2 protein chains.
Amino acid sequence: MSGFELVGSETKWRGAIISAGVQHFRHADGAVVARDKVWHPGAAAVLPVDDTHVWLTRQPREAAGMAASLEIPAGKLDIPGEAPLACAQRELAEEIGKRAAHWEDLRAFYTSVGFCDERIWIYLATGLSDADDVELEADEDERIEIVPWPLDDLDGAIAATEDSKTVIALLWLALRRARDGG
Amino acid sequence: MSGFELVGSETKWRGAIISAGVQHFRHADGAVVARDKVWHPGAAAVLPVDDTHVWLTRQPREAAGMAASLEIPAGKLDIPGEAPLACAQRELAEEIGKRAAHWEDLRAFYTSVGFCDERIWIYLATGLSDADDVELEADEDERIEIVPWPLDDLDGAIAATEDSKTVIALLWLALRRARDGG
């Protein structure tokens, strides 16, 4: 196992959110490899939990062919210089209409390590209260639905989603509850 | 919540593995939305577990900037017509040098629902035995390392990886063990 260095990078297409192209890397053993590459700004996601519910959204995900994807609130890091935690706090307010008194850095992960640099930071948000002064995205976009899901049926939510960040956050929560005897 | 229909699709670039472009969708309310789109063939992954270890790999993931990514064995669905389970069985033999007597359909997920159609099927493989007749990829590529990880330290593996399929598979295993009192 050893490192590698970037020896070439060509952007072939720039979309609204992502760019795509090819990068070449030289490994310590001299071998040069080519990799398809998608550049993505990254994202922040929130697992909002109160005493009885986890707060989710349901929305169409056209690119993945899903009419109603069950997800934790999240947003792209599309404001230059905004830290992932600040983005997560903004998304919790805009998507769910909540603020949180307590924020815990849950973990980060890469969505697809073979070709993409998208990294998602996940935070646990507790001590929830209503953010009455924030305009909800759901009010502007009737295709986003807020879904309070009972903690007693976490397994149902885990089975009902196929979204990577949501599967990870809900499995993490189920594991914590199993170990706490919750 | 309602459905949508695809009304336009333009491939802007074709890479070795992925393609990228733009798709347009019309929702039931008449709104037409544009989405960046990455086409990916999908992948199959295996969680190989024996009485004492989970079998992982460590390899460079250049596109994500990782020198040594800890992962469950996996491979793209790049053979036309090959079912995900058959792909998983092939990858277990080629990456880890094992066969499995028992296969359990663990779950599937989408890596990044906002722009990509990549879906990964994960299988639990138990009843492991050596596949002596298969040439290991690690023998051809010294950058792939086989890593038997002690089940007693699953939390260590969960903390040591940032790969979506691996985080999901290991959290799932930790949850099953926590509920079984294991």
# chains A, B, ... in the order shown; residues from 1 in each chain; ligands from 1
$ residues_around --residues "Ala108 of chain B" --least-positions-apart "6" --cutoff "6 Å" --atoms "only C-alpha atoms" --output "NGL selection string"
:B and (120-122)
$ write_last_selection --atoms "C-alpha atoms" --output "mmCIF file, in the first residue's frame"
data_model
loop_
_atom_site.group_PDB
_atom_site.id
_atom_site.type_symbol
_atom_site.label_atom_id
_atom_site.label_comp_id
_atom_site.auth_asym_id
_atom_site.auth_seq_id
_atom_site.Cartn_x
_atom_site.Cartn_y
_atom_site.Cartn_z
ATOM 1 C CA ILE B 120 -25.544 -1.330 -5.055
ATOM 2 C CA TRP B 121 -26.862 -4.734 -3.970
ATOM 3 C CA ILE B 122 -25.296 -6.092 -0.740
#
$ closest_atom_pairs --of "chain B" --to "chain A" --cutoff "8 Å" --atoms "only C-alpha atoms" --output "JSON lines"
{"residue": "B:Met1", "atom": "CA", "partner": "A:Arg143", "partner_atom": "CA", "distance": 5.7}
{"residue": "B:Ser2", "atom": "CA", "partner": "A:Ala67", "partner_atom": "CA", "distance": 6.6}
{"residue": "B:Gly3", "atom": "CA", "partner": "A:Ala67", "partner_atom": "CA", "distance": 5.3}
{"residue": "B:Phe4", "atom": "CA", "partner": "A:Ala67", "partner_atom": "CA", "distance": 7.1}
{"residue": "B:Lys12", "atom": "CA", "partner": "A:Trp13", "partner_atom": "CA", "distance": 6.7}
{"residue": "B:Trp13", "atom": "CA", "partner": "A:Trp13", "partner_atom": "CA", "distance": 6.6}
{"residue": "B:Gly15", "atom": "CA", "partner": "A:Asp36", "partner_atom": "CA", "distance": 6.0}
{"residue": "B:Ala16", "atom": "CA", "partner": "A:Asp36", "partner_atom": "CA", "distance": 6.5}
{"residue": "B:Ile17", "atom": "CA", "partner": "A:Asp36", "partner_atom": "CA", "distance": 6.8}
{"residue": "B:Ile18", "atom": "CA", "partner": "A:Asp36", "partner_atom": "CA", "distance": 7.1}
{"residue": "B:Ala20", "atom": "CA", "partner": "A:Ala20", "partner_atom": "CA", "distance": 6.8}
{"residue": "B:Gly21", "atom": "CA", "partner": "A:Gly15", "partner_atom": "CA", "distance": 7.4}
{"residue": "B:Val22", "atom": "CA", "partner": "A:Gly15", "partner_atom": "CA", "distance": 7.7}
{"residue": "B:Gln23", "atom": "CA", "partner": "A:Ala63", "partner_atom": "CA", "distance": 7.7}
{"residue": "B:Phe25", "atom": "CA", "partner": "A:Glu62", "partner_atom": "CA", "distance": 7.2}
{"residue": "B:Arg35", "atom": "CA", "partner": "A:Ala63", "partner_atom": "CA", "distance": 6.7}
{"residue": "B:Asp36", "atom": "CA", "partner": "A:Gly15", "partner_atom": "CA", "distance": 6.0}
{"residue": "B:Lys37", "atom": "CA", "partner": "A:Ala63", "partner_atom": "CA", "distance": 5.9}
{"residue": "B:Val38", "atom": "CA", "partner": "A:Ala63", "partner_atom": "CA", "distance": 8.0}
{"residue": "B:Gln59", "atom": "CA", "partner": "A:Met1", "partner_atom": "CA", "distance": 7.4}
{"residue": "B:Pro60", "atom": "CA", "partner": "A:Gly3", "partner_atom": "CA", "distance": 7.7}
{"residue": "B:Arg61", "atom": "CA", "partner": "A:Val113", "partner_atom": "CA", "distance": 6.0}
{"residue": "B:Glu62", "atom": "CA", "partner": "A:Phe25", "partner_atom": "CA", "distance": 7.2}
{"residue": "B:Ala63", "atom": "CA", "partner": "A:Phe115", "partner_atom": "CA", "distance": 5.2}
{"residue": "B:Ala64", "atom": "CA", "partner": "A:Asp117", "partner_atom": "CA", "distance": 4.5}
{"residue": "B:Gly65", "atom": "CA", "partner": "A:Asp117", "partner_atom": "CA", "distance": 7.5}
{"residue": "B:Ala67", "atom": "CA", "partner": "A:Gly3", "partner_atom": "CA", "distance": 5.3}
{"residue": "B:Ala68", "atom": "CA", "partner": "A:Met1", "partner_atom": "CA", "distance": 7.1}
{"residue": "B:Ala108", "atom": "CA", "partner": "A:Glu162", "partner_atom": "CA", "distance": 6.6}
{"residue": "B:Phe109", "atom": "CA", "partner": "A:Glu162", "partner_atom": "CA", "distance": 4.2}
{"residue": "B:Tyr110", "atom": "CA", "partner": "A:Asp163", "partner_atom": "CA", "distance": 5.4}
{"residue": "B:Thr111", "atom": "CA", "partner": "A:Thr111", "partner_atom": "CA", "distance": 5.1}
{"residue": "B:Ser112", "atom": "CA", "partner": "A:Thr111", "partner_atom": "CA", "distance": 6.1}
{"residue": "B:Val113", "atom": "CA", "partner": "A:Ala64", "partner_atom": "CA", "distance": 5.3}
{"residue": "B:Gly114", "atom": "CA", "partner": "A:Arg61", "partner_atom": "CA", "distance": 6.1}
{"residue": "B:Phe115", "atom": "CA", "partner": "A:Ala63", "partner_atom": "CA", "distance": 5.2}
{"residue": "B:Cys116", "atom": "CA", "partner": "A:Ala63", "partner_atom": "CA", "distance": 5.8}
{"residue": "B:Asp117", "atom": "CA", "partner": "A:Ala64", "partner_atom": "CA", "distance": 4.5}
{"residue": "B:Glu118", "atom": "CA", "partner": "A:Ala64", "partner_atom": "CA", "distance": 7.7}
{"residue": "B:Glu142", "atom": "CA", "partner": "A:Met1", "partner_atom": "CA", "distance": 7.5}
{"residue": "B:Arg143", "atom": "CA", "partner": "A:Met1", "partner_atom": "CA", "distance": 5.5}
{"residue": "B:Ile144", "atom": "CA", "partner": "A:Met1", "partner_atom": "CA", "distance": 7.7}
{"residue": "B:Glu145", "atom": "CA", "partner": "A:Met1", "partner_atom": "CA", "distance": 7.6}
{"residue": "B:Thr161", "atom": "CA", "partner": "A:Phe109", "partner_atom": "CA", "distance": 7.9}
{"residue": "B:Glu162", "atom": "CA", "partner": "A:Phe109", "partner_atom": "CA", "distance": 4.2}
{"residue": "B:Asp163", "atom": "CA", "partner": "A:Tyr110", "partner_atom": "CA", "distance": 5.4}
{"residue": "B:Ser164", "atom": "CA", "partner": "A:Thr111", "partner_atom": "CA", "distance": 5.3}
{"residue": "B:Val167", "atom": "CA", "partner": "A:Ile168", "partner_atom": "CA", "distance": 6.9}
{"residue": "B:Ile168", "atom": "CA", "partner": "A:Ile168", "partner_atom": "CA", "distance": 5.6}
{"residue": "B:Leu171", "atom": "CA", "partner": "A:Leu171", "partner_atom": "CA", "distance": 6.1}
{"residue": "B:Trp172", "atom": "CA", "partner": "A:Leu171", "partner_atom": "CA", "distance": 6.5}
{"residue": "B:Ala174", "atom": "CA", "partner": "A:Leu175", "partner_atom": "CA", "distance": 7.1}
{"residue": "B:Leu175", "atom": "CA", "partner": "A:Leu175", "partner_atom": "CA", "distance": 5.0}
{"residue": "B:Ala178", "atom": "CA", "partner": "A:Ala178", "partner_atom": "CA", "distance": 6.2}
{"residue": "B:Arg179", "atom": "CA", "partner": "A:Ala178", "partner_atom": "CA", "distance": 6.2}
$ closest_residue --among "B:Ala101, B:Ala45, B:Val54, B:Leu128" --to "Gly75 of chain B" --atoms "only C-alpha atoms"
B:Ala45
$ select_by_dssp --residues "segment 90-158 of chain A" --states "alpha helix (DSSP H)" --output "number ranges by chain"
A: 90-91, 137-140, 154-158
$ write_last_selection --atoms "N, CA and C atoms" --output "compact mmCIF listing (two decimals), in the first residue's frame"
# COMPACT_ATOMS: atom_id res chain seq x y z
N ARG A 90 -28.89 25.06 8.58
CA ARG A 90 -29.76 25.76 7.63
C ARG A 90 -30.79 24.80 7.02
N GLU A 91 -30.33 23.61 6.64
CA GLU A 91 -31.23 22.65 6.00
C GLU A 91 -32.31 22.16 6.97
N GLU A 137 -39.13 25.12 2.65
CA GLU A 137 -39.04 24.75 1.24
C GLU A 137 -40.31 24.02 0.81
N ALA A 138 -40.89 23.26 1.75
CA ALA A 138 -42.10 22.50 1.41
C ALA A 138 -43.26 23.42 1.04
N ASP A 139 -43.24 24.66 1.58
CA ASP A 139 -44.29 25.60 1.23
C ASP A 139 -44.15 26.09 -0.20
N GLU A 140 -42.89 26.12 -0.70
CA GLU A 140 -42.65 26.57 -2.06
C GLU A 140 -42.72 25.42 -3.05
N LEU A 154 -38.34 2.22 13.69
CA LEU A 154 -37.13 2.57 12.93
C LEU A 154 -36.86 1.55 11.83
N ASP A 155 -37.07 0.27 12.11
CA ASP A 155 -36.81 -0.75 11.10
C ASP A 155 -37.67 -0.54 9.86
N GLY A 156 -38.88 -0.02 10.08
CA GLY A 156 -39.74 0.27 8.93
C GLY A 156 -39.15 1.35 8.05
N ALA A 157 -38.56 2.38 8.66
CA ALA A 157 -37.93 3.44 7.88
C ALA A 157 -36.69 2.94 7.16
N ILE A 158 -35.90 2.09 7.86
CA ILE A 158 -34.69 1.53 7.24
C ILE A 158 -35.06 0.71 6.01
$ residues_around --residues "Ile79 of chain A" --least-positions-apart "3" --cutoff "12 Å" --atoms "only C-alpha atoms" --output "ChimeraX atom specification"
/A:41-44,75-76,82-84,86-87,90
$ write_last_selection --atoms "N, CA and C atoms" --output "compact mmCIF listing (two decimals), in the first residue's frame"
# COMPACT_ATOMS: atom_id res chain seq x y z
N PRO A 41 -19.73 19.17 -4.94
CA PRO A 41 -19.32 20.05 -3.84
C PRO A 41 -19.41 19.40 -2.45
N GLY A 42 -20.04 18.23 -2.33
CA GLY A 42 -20.25 17.62 -1.02
C GLY A 42 -21.58 18.08 -0.43
N ALA A 43 -21.95 17.50 0.69
CA ALA A 43 -23.26 17.80 1.28
C ALA A 43 -23.22 17.62 2.78
N ALA A 44 -24.21 18.22 3.45
CA ALA A 44 -24.39 18.04 4.89
C ALA A 44 -25.80 17.51 5.13
N GLY A 75 -28.52 18.97 2.33
CA GLY A 75 -28.33 19.93 1.27
C GLY A 75 -26.89 19.96 0.81
N LYS A 76 -26.70 20.39 -0.42
CA LYS A 76 -25.35 20.49 -0.96
C LYS A 76 -24.59 21.65 -0.31
N GLU A 82 -19.16 28.04 3.44
CA GLU A 82 -20.06 27.58 4.51
C GLU A 82 -19.58 26.24 5.06
N ALA A 83 -19.46 26.14 6.37
CA ALA A 83 -19.03 24.90 7.01
C ALA A 83 -20.16 23.87 6.94
N PRO A 84 -19.83 22.57 6.91
CA PRO A 84 -20.87 21.54 6.86
C PRO A 84 -21.90 21.66 7.99
N ALA A 86 -22.90 24.37 9.62
CA ALA A 86 -23.78 25.51 9.35
C ALA A 86 -24.79 25.16 8.25
N CYS A 87 -24.32 24.43 7.25
CA CYS A 87 -25.22 23.99 6.17
C CYS A 87 -26.30 23.06 6.73
N ARG A 90 -28.89 25.06 8.58
CA ARG A 90 -29.76 25.76 7.63
C ARG A 90 -30.79 24.80 7.02
$ select_by_dssp --residues "segment 74-110 of chain A" --states "strand (DSSP E)" --output "VMD selection string"
chain A and resid 74 to 76 98 to 110
$ write_last_selection --atoms "N, CA and C atoms" --output "mmCIF file, in the first residue's frame"
data_model
loop_
_atom_site.group_PDB
_atom_site.id
_atom_site.type_symbol
_atom_site.label_atom_id
_atom_site.label_comp_id
_atom_site.auth_asym_id
_atom_site.auth_seq_id
_atom_site.Cartn_x
_atom_site.Cartn_y
_atom_site.Cartn_z
ATOM 1 N N ALA A 74 -31.139 17.230 4.115
ATOM 2 C CA ALA A 74 -29.759 17.392 3.640
ATOM 3 C C ALA A 74 -29.707 18.460 2.571
ATOM 4 N N GLY A 75 -28.518 18.966 2.334
ATOM 5 C CA GLY A 75 -28.333 19.932 1.268
ATOM 6 C C GLY A 75 -26.890 19.963 0.812
ATOM 7 N N LYS A 76 -26.704 20.389 -0.420
ATOM 8 C CA LYS A 76 -25.351 20.494 -0.963
ATOM 9 C C LYS A 76 -24.594 21.649 -0.311
ATOM 10 N N LYS A 98 -37.313 23.234 11.849
ATOM 11 C CA LYS A 98 -36.871 23.020 13.225
ATOM 12 C C LYS A 98 -35.494 23.639 13.463
ATOM 13 N N ARG A 99 -35.252 23.984 14.731
ATOM 14 C CA ARG A 99 -33.907 24.240 15.217
ATOM 15 C C ARG A 99 -33.571 23.149 16.221
ATOM 16 N N ALA A 100 -32.273 23.033 16.546
ATOM 17 C CA ALA A 100 -31.857 22.022 17.514
ATOM 18 C C ALA A 100 -30.926 22.642 18.539
ATOM 19 N N ALA A 101 -31.120 22.275 19.812
ATOM 20 C CA ALA A 101 -30.258 22.790 20.882
ATOM 21 C C ALA A 101 -28.916 22.056 20.910
ATOM 22 N N HIS A 102 -28.920 20.788 20.484
ATOM 23 C CA HIS A 102 -27.710 19.973 20.584
ATOM 24 C C HIS A 102 -27.359 19.365 19.224
ATOM 25 N N TRP A 103 -26.099 19.517 18.858
ATOM 26 C CA TRP A 103 -25.607 18.962 17.590
ATOM 27 C C TRP A 103 -24.437 18.039 17.884
ATOM 28 N N GLU A 104 -24.484 16.836 17.309
ATOM 29 C CA GLU A 104 -23.406 15.861 17.503
ATOM 30 C C GLU A 104 -22.886 15.438 16.138
ATOM 31 N N ASP A 105 -21.569 15.508 15.973
ATOM 32 C CA ASP A 105 -20.917 15.089 14.731
ATOM 33 C C ASP A 105 -20.999 13.568 14.647
ATOM 34 N N LEU A 106 -21.865 13.065 13.775
ATOM 35 C CA LEU A 106 -22.131 11.628 13.743
ATOM 36 C C LEU A 106 -21.058 10.895 12.940
ATOM 37 N N ARG A 107 -20.881 11.273 11.698
ATOM 38 C CA ARG A 107 -19.798 10.718 10.883
ATOM 39 C C ARG A 107 -19.846 11.348 9.498
ATOM 40 N N ALA A 108 -18.835 11.060 8.688
ATOM 41 C CA ALA A 108 -18.849 11.457 7.282
ATOM 42 C C ALA A 108 -18.599 10.220 6.426
ATOM 43 N N PHE A 109 -18.991 10.293 5.150
ATOM 44 C CA PHE A 109 -18.715 9.174 4.239
ATOM 45 C C PHE A 109 -18.684 9.685 2.807
ATOM 46 N N TYR A 110 -18.068 8.880 1.937
ATOM 47 C CA TYR A 110 -18.067 9.144 0.496
ATOM 48 C C TYR A 110 -19.155 8.292 -0.157
#
$ decode --residues "segment 77-102 of chain B" --atoms "N, CA and C atoms" --output "PDB file, in the first residue's frame"
ATOM      1  N   LEU B  77     -21.398  -4.057 -12.094  1.00  0.00           N
ATOM      2  CA  LEU B  77     -22.186  -4.979 -12.920  1.00  0.00           C
ATOM      3  C   LEU B  77     -21.812  -4.731 -14.377  1.00  0.00           C
ATOM      4  N   ASP B  78     -20.584  -5.119 -14.734  1.00  0.00           N
ATOM      5  CA  ASP B  78     -20.100  -4.757 -16.067  1.00  0.00           C
ATOM      6  C   ASP B  78     -20.144  -5.913 -17.052  1.00  0.00           C
ATOM      7  N   ILE B  79     -20.707  -7.060 -16.640  1.00  0.00           N
ATOM      8  CA  ILE B  79     -20.933  -8.158 -17.590  1.00  0.00           C
ATOM      9  C   ILE B  79     -22.408  -8.153 -17.951  1.00  0.00           C
ATOM     10  N   PRO B  80     -22.735  -7.883 -19.225  1.00  0.00           N
ATOM     11  CA  PRO B  80     -24.159  -7.775 -19.611  1.00  0.00           C
ATOM     12  C   PRO B  80     -24.935  -9.018 -19.210  1.00  0.00           C
ATOM     13  N   GLY B  81     -26.043  -8.819 -18.555  1.00  0.00           N
ATOM     14  CA  GLY B  81     -26.917  -9.928 -18.203  1.00  0.00           C
ATOM     15  C   GLY B  81     -26.557 -10.631 -16.913  1.00  0.00           C
ATOM     16  N   GLU B  82     -25.399 -10.310 -16.323  1.00  0.00           N
ATOM     17  CA  GLU B  82     -25.026 -10.975 -15.069  1.00  0.00           C
ATOM     18  C   GLU B  82     -25.878 -10.439 -13.923  1.00  0.00           C
ATOM     19  N   ALA B  83     -26.471 -11.356 -13.154  1.00  0.00           N
ATOM     20  CA  ALA B  83     -27.298 -10.954 -12.012  1.00  0.00           C
ATOM     21  C   ALA B  83     -26.393 -10.439 -10.887  1.00  0.00           C
ATOM     22  N   PRO B  84     -26.921  -9.527 -10.048  1.00  0.00           N
ATOM     23  CA  PRO B  84     -26.116  -9.007  -8.940  1.00  0.00           C
ATOM     24  C   PRO B  84     -25.533 -10.104  -8.038  1.00  0.00           C
ATOM     25  N   LEU B  85     -26.318 -11.149  -7.730  1.00  0.00           N
ATOM     26  CA  LEU B  85     -25.809 -12.208  -6.861  1.00  0.00           C
ATOM     27  C   LEU B  85     -24.626 -12.940  -7.499  1.00  0.00           C
ATOM     28  N   ALA B  86     -24.727 -13.220  -8.796  1.00  0.00           N
ATOM     29  CA  ALA B  86     -23.624 -13.893  -9.489  1.00  0.00           C
ATOM     30  C   ALA B  86     -22.376 -13.019  -9.494  1.00  0.00           C
ATOM     31  N   CYS B  87     -22.585 -11.713  -9.666  1.00  0.00           N
ATOM     32  CA  CYS B  87     -21.459 -10.779  -9.626  1.00  0.00           C
ATOM     33  C   CYS B  87     -20.816 -10.779  -8.241  1.00  0.00           C
ATOM     34  N   ALA B  88     -21.645 -10.783  -7.200  1.00  0.00           N
ATOM     35  CA  ALA B  88     -21.137 -10.801  -5.828  1.00  0.00           C
ATOM     36  C   ALA B  88     -20.324 -12.069  -5.573  1.00  0.00           C
ATOM     37  N   GLN B  89     -20.817 -13.206  -6.081  1.00  0.00           N
ATOM     38  CA  GLN B  89     -20.111 -14.473  -5.870  1.00  0.00           C
ATOM     39  C   GLN B  89     -18.757 -14.466  -6.579  1.00  0.00           C
ATOM     40  N   ARG B  90     -18.729 -13.898  -7.787  1.00  0.00           N
ATOM     41  CA  ARG B  90     -17.476 -13.782  -8.534  1.00  0.00           C
ATOM     42  C   ARG B  90     -16.484 -12.879  -7.795  1.00  0.00           C
ATOM     43  N   GLU B  91     -16.983 -11.756  -7.292  1.00  0.00           N
ATOM     44  CA  GLU B  91     -16.086 -10.812  -6.611  1.00  0.00           C
ATOM     45  C   GLU B  91     -15.530 -11.394  -5.317  1.00  0.00           C
ATOM     46  N   LEU B  92     -16.344 -12.169  -4.588  1.00  0.00           N
ATOM     47  CA  LEU B  92     -15.847 -12.785  -3.358  1.00  0.00           C
ATOM     48  C   LEU B  92     -14.666 -13.709  -3.669  1.00  0.00           C
ATOM     49  N   ALA B  93     -14.785 -14.468  -4.749  1.00  0.00           N
ATOM     50  CA  ALA B  93     -13.704 -15.378  -5.137  1.00  0.00           C
ATOM     51  C   ALA B  93     -12.481 -14.606  -5.621  1.00  0.00           C
ATOM     52  N   GLU B  94     -12.695 -13.592  -6.458  1.00  0.00           N
ATOM     53  CA  GLU B  94     -11.562 -12.912  -7.085  1.00  0.00           C
ATOM     54  C   GLU B  94     -10.852 -11.956  -6.122  1.00  0.00           C
ATOM     55  N   GLU B  95     -11.629 -11.323  -5.214  1.00  0.00           N
ATOM     56  CA  GLU B  95     -10.996 -10.333  -4.340  1.00  0.00           C
ATOM     57  C   GLU B  95     -10.473 -10.934  -3.043  1.00  0.00           C
ATOM     58  N   ILE B  96     -11.185 -11.942  -2.517  1.00  0.00           N
ATOM     59  CA  ILE B  96     -10.830 -12.488  -1.196  1.00  0.00           C
ATOM     60  C   ILE B  96     -10.363 -13.939  -1.298  1.00  0.00           C
ATOM     61  N   GLY B  97     -10.653 -14.584  -2.425  1.00  0.00           N
ATOM     62  CA  GLY B  97     -10.266 -15.986  -2.565  1.00  0.00           C
ATOM     63  C   GLY B  97     -11.151 -16.936  -1.785  1.00  0.00           C
ATOM     64  N   LYS B  98     -12.427 -16.574  -1.632  1.00  0.00           N
ATOM     65  CA  LYS B  98     -13.348 -17.401  -0.849  1.00  0.00           C
ATOM     66  C   LYS B  98     -14.606 -17.742  -1.667  1.00  0.00           C
ATOM     67  N   ARG B  99     -15.217 -18.863  -1.290  1.00  0.00           N
ATOM     68  CA  ARG B  99     -16.589 -19.165  -1.682  1.00  0.00           C
ATOM     69  C   ARG B  99     -17.430 -19.162  -0.414  1.00  0.00           C
ATOM     70  N   ALA B 100     -18.762 -19.122  -0.598  1.00  0.00           N
ATOM     71  CA  ALA B 100     -19.654 -19.125   0.560  1.00  0.00           C
ATOM     72  C   ALA B 100     -20.771 -20.131   0.337  1.00  0.00           C
ATOM     73  N   ALA B 101     -21.097 -20.883   1.385  1.00  0.00           N
ATOM     74  CA  ALA B 101     -22.177 -21.869   1.292  1.00  0.00           C
ATOM     75  C   ALA B 101     -23.548 -21.200   1.387  1.00  0.00           C
ATOM     76  N   HIS B 102     -23.611 -20.067   2.104  1.00  0.00           N
ATOM     77  CA  HIS B 102     -24.899 -19.407   2.348  1.00  0.00           C
ATOM     78  C   HIS B 102     -24.843 -17.950   1.905  1.00  0.00           C
TER      79      HIS B 102
END
